[in-house]
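Enquirer: This structure is in structure tokens; I'll ask about it shortly.
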Amino acid sequence: MACCLPLGFAAAAGVAGLSVVLEPLRPWMLGISGALLLLGFWQLYRRGAVCARRSRTAQAIFWISAALVLATILMPQAVATLLAGGNPLSKSGQPALSALAALKSEFNRARDEYRVIALFSPT
């Protein structure tokens, strides 16, 4: 852990920096992905002088890839939330307002004591 942990942090920082640099190229990369999927569809399902049968594995990989590219195009925030470890089906990652109301009442009840609230954000 002592030797590999810094490499993990360095890799995470590198990927984060790379994503910032590549963000303006996102439409181009999605277009290239779509074009390559069309090429893959044509190669997988074309009829003609092809002697080899198409395997179920090749078909499964193609359709999973197509679903991932389509999900990234149609629902980019949900895919990002899923990749970050969140639940894309929840309405928000924030705590319910009732939990904040309970915190407020407990905070106000302890008037004669020292109170500290620390807020941490994952972003």
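How things are named: the first chain in the structure tokens is A, the next is B, and so on; residues count from 1 in each chain; ligands count from 1 in the order shown.
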Apply DSSP to the structure's backbone, then extract all residues of region 1-34 of chain A labelled alpha helix (DSSP H) and return them as a ChimeraX atom specification.

Expert: /A:5-22,26-34

Enquirer: Based on the selection just made, write N, CA and C atoms of those residues as a PDB file, in the first residue's frame.

Expert:
```pdb
ATOM      1  N   LEU A   5      -0.061   3.331  -3.290  1.00  0.00           N
ATOM      2  CA  LEU A   5      -1.096   4.331  -3.030  1.00  0.00           C
ATOM      3  C   LEU A   5      -0.803   5.662  -3.722  1.00  0.00           C
ATOM      4  N   PRO A   6       0.430   6.189  -3.672  1.00  0.00           N
ATOM      5  CA  PRO A   6       0.685   7.439  -4.404  1.00  0.00           C
ATOM      6  C   PRO A   6       0.470   7.310  -5.907  1.00  0.00           C
ATOM      7  N   LEU A   7       0.748   6.126  -6.444  1.00  0.00           N
ATOM      8  CA  LEU A   7       0.514   5.927  -7.876  1.00  0.00           C
ATOM      9  C   LEU A   7      -0.971   5.993  -8.207  1.00  0.00           C
ATOM     10  N   GLY A   8      -1.812   5.490  -7.315  1.00  0.00           N
ATOM     11  CA  GLY A   8      -3.263   5.574  -7.516  1.00  0.00           C
ATOM     12  C   GLY A   8      -3.746   7.013  -7.522  1.00  0.00           C
ATOM     13  N   PHE A   9      -3.239   7.819  -6.582  1.00  0.00           N
ATOM     14  CA  PHE A   9      -3.614   9.232  -6.551  1.00  0.00           C
ATOM     15  C   PHE A   9      -3.110   9.963  -7.794  1.00  0.00           C
ATOM     16  N   ALA A  10      -1.905   9.637  -8.214  1.00  0.00           N
ATOM     17  CA  ALA A  10      -1.343  10.264  -9.416  1.00  0.00           C
ATOM     18  C   ALA A  10      -2.164   9.884 -10.648  1.00  0.00           C
ATOM     19  N   ALA A  11      -2.582   8.617 -10.730  1.00  0.00           N
ATOM     20  CA  ALA A  11      -3.394   8.180 -11.869  1.00  0.00           C
ATOM     21  C   ALA A  11      -4.751   8.878 -11.863  1.00  0.00           C
ATOM     22  N   ALA A  12      -5.368   9.008 -10.682  1.00  0.00           N
ATOM     23  CA  ALA A  12      -6.666   9.688 -10.587  1.00  0.00           C
ATOM     24  C   ALA A  12      -6.539  11.156 -10.994  1.00  0.00           C
ATOM     25  N   ALA A  13      -5.466  11.805 -10.551  1.00  0.00           N
ATOM     26  CA  ALA A  13      -5.255  13.204 -10.932  1.00  0.00           C
ATOM     27  C   ALA A  13      -4.998  13.321 -12.436  1.00  0.00           C
ATOM     28  N   GLY A  14      -4.265  12.378 -12.993  1.00  0.00           N
ATOM     29  CA  GLY A  14      -4.011  12.400 -14.427  1.00  0.00           C
ATOM     30  C   GLY A  14      -5.272  12.217 -15.249  1.00  0.00           C
ATOM     31  N   VAL A  15      -6.133  11.301 -14.813  1.00  0.00           N
ATOM     32  CA  VAL A  15      -7.389  11.075 -15.531  1.00  0.00           C
ATOM     33  C   VAL A  15      -8.295  12.289 -15.407  1.00  0.00           C
ATOM     34  N   ALA A  16      -8.329  12.908 -14.221  1.00  0.00           N
ATOM     35  CA  ALA A  16      -9.148  14.111 -14.044  1.00  0.00           C
ATOM     36  C   ALA A  16      -8.641  15.237 -14.942  1.00  0.00           C
ATOM     37  N   GLY A  17      -7.323  15.403 -15.003  1.00  0.00           N
ATOM     38  CA  GLY A  17      -6.767  16.431 -15.879  1.00  0.00           C
ATOM     39  C   GLY A  17      -7.024  16.135 -17.340  1.00  0.00           C
ATOM     40  N   LEU A  18      -6.932  14.874 -17.717  1.00  0.00           N
ATOM     41  CA  LEU A  18      -7.185  14.489 -19.101  1.00  0.00           C
ATOM     42  C   LEU A  18      -8.644  14.737 -19.484  1.00  0.00           C
ATOM     43  N   SER A  19      -9.559  14.500 -18.546  1.00  0.00           N
ATOM     44  CA  SER A  19     -10.975  14.732 -18.847  1.00  0.00           C
ATOM     45  C   SER A  19     -11.254  16.208 -19.069  1.00  0.00           C
ATOM     46  N   VAL A  20     -10.553  17.081 -18.357  1.00  0.00           N
ATOM     47  CA  VAL A  20     -10.725  18.521 -18.572  1.00  0.00           C
ATOM     48  C   VAL A  20     -10.212  18.916 -19.953  1.00  0.00           C
ATOM     49  N   VAL A  21      -9.090  18.342 -20.340  1.00  0.00           N
ATOM     50  CA  VAL A  21      -8.505  18.665 -21.641  1.00  0.00           C
ATOM     51  C   VAL A  21      -9.371  18.125 -22.776  1.00  0.00           C
ATOM     52  N   LEU A  22      -9.942  16.940 -22.599  1.00  0.00           N
ATOM     53  CA  LEU A  22     -10.698  16.303 -23.680  1.00  0.00           C
ATOM     54  C   LEU A  22     -12.162  16.728 -23.751  1.00  0.00           C
ATOM     55  N   ARG A  26     -15.426  16.220 -26.883  1.00  0.00           N
ATOM     56  CA  ARG A  26     -16.473  15.225 -26.626  1.00  0.00           C
ATOM     57  C   ARG A  26     -17.399  15.003 -27.826  1.00  0.00           C
ATOM     58  N   PRO A  27     -17.922  16.052 -28.478  1.00  0.00           N
ATOM     59  CA  PRO A  27     -18.787  15.794 -29.647  1.00  0.00           C
ATOM     60  C   PRO A  27     -18.076  15.023 -30.750  1.00  0.00           C
ATOM     61  N   TRP A  28     -16.805  15.329 -30.979  1.00  0.00           N
ATOM     62  CA  TRP A  28     -16.054  14.606 -32.003  1.00  0.00           C
ATOM     63  C   TRP A  28     -15.868  13.146 -31.620  1.00  0.00           C
ATOM     64  N   MET A  29     -15.541  12.899 -30.358  1.00  0.00           N
ATOM     65  CA  MET A  29     -15.325  11.507 -29.914  1.00  0.00           C
ATOM     66  C   MET A  29     -16.626  10.705 -29.972  1.00  0.00           C
ATOM     67  N   LEU A  30     -17.753  11.349 -29.634  1.00  0.00           N
ATOM     68  CA  LEU A  30     -19.032  10.647 -29.743  1.00  0.00           C
ATOM     69  C   LEU A  30     -19.375  10.366 -31.205  1.00  0.00           C
ATOM     70  N   GLY A  31     -19.073  11.309 -32.085  1.00  0.00           N
ATOM     71  CA  GLY A  31     -19.298  11.084 -33.510  1.00  0.00           C
ATOM     72  C   GLY A  31     -18.438   9.957 -34.063  1.00  0.00           C
ATOM     73  N   ILE A  32     -17.170   9.928 -33.651  1.00  0.00           N
ATOM     74  CA  ILE A  32     -16.281   8.847 -34.081  1.00  0.00           C
ATOM     75  C   ILE A  32     -16.768   7.513 -33.533  1.00  0.00           C
ATOM     76  N   SER A  33     -17.253   7.507 -32.287  1.00  0.00           N
ATOM     77  CA  SER A  33     -17.800   6.269 -31.709  1.00  0.00           C
ATOM     78  C   SER A  33     -18.992   5.772 -32.515  1.00  0.00           C
ATOM     79  N   GLY A  34     -19.885   6.698 -32.879  1.00  0.00           N
ATOM     80  CA  GLY A  34     -21.037   6.318 -33.697  1.00  0.00           C
ATOM     81  C   GLY A  34     -20.625   5.784 -35.053  1.00  0.00           C
TER      82      GLY A  34
END
```

Enquirer: Using only C-alpha atoms, determine which residues lie at most 9 Å from region 57-69 of chain A, disregarding the query and same-chain residues fewer than 2 positions distant; provide the list as a ChimeraX atom specification.

Expert: /A:30,33-34,37,40-41,44,54-55,71-74,79
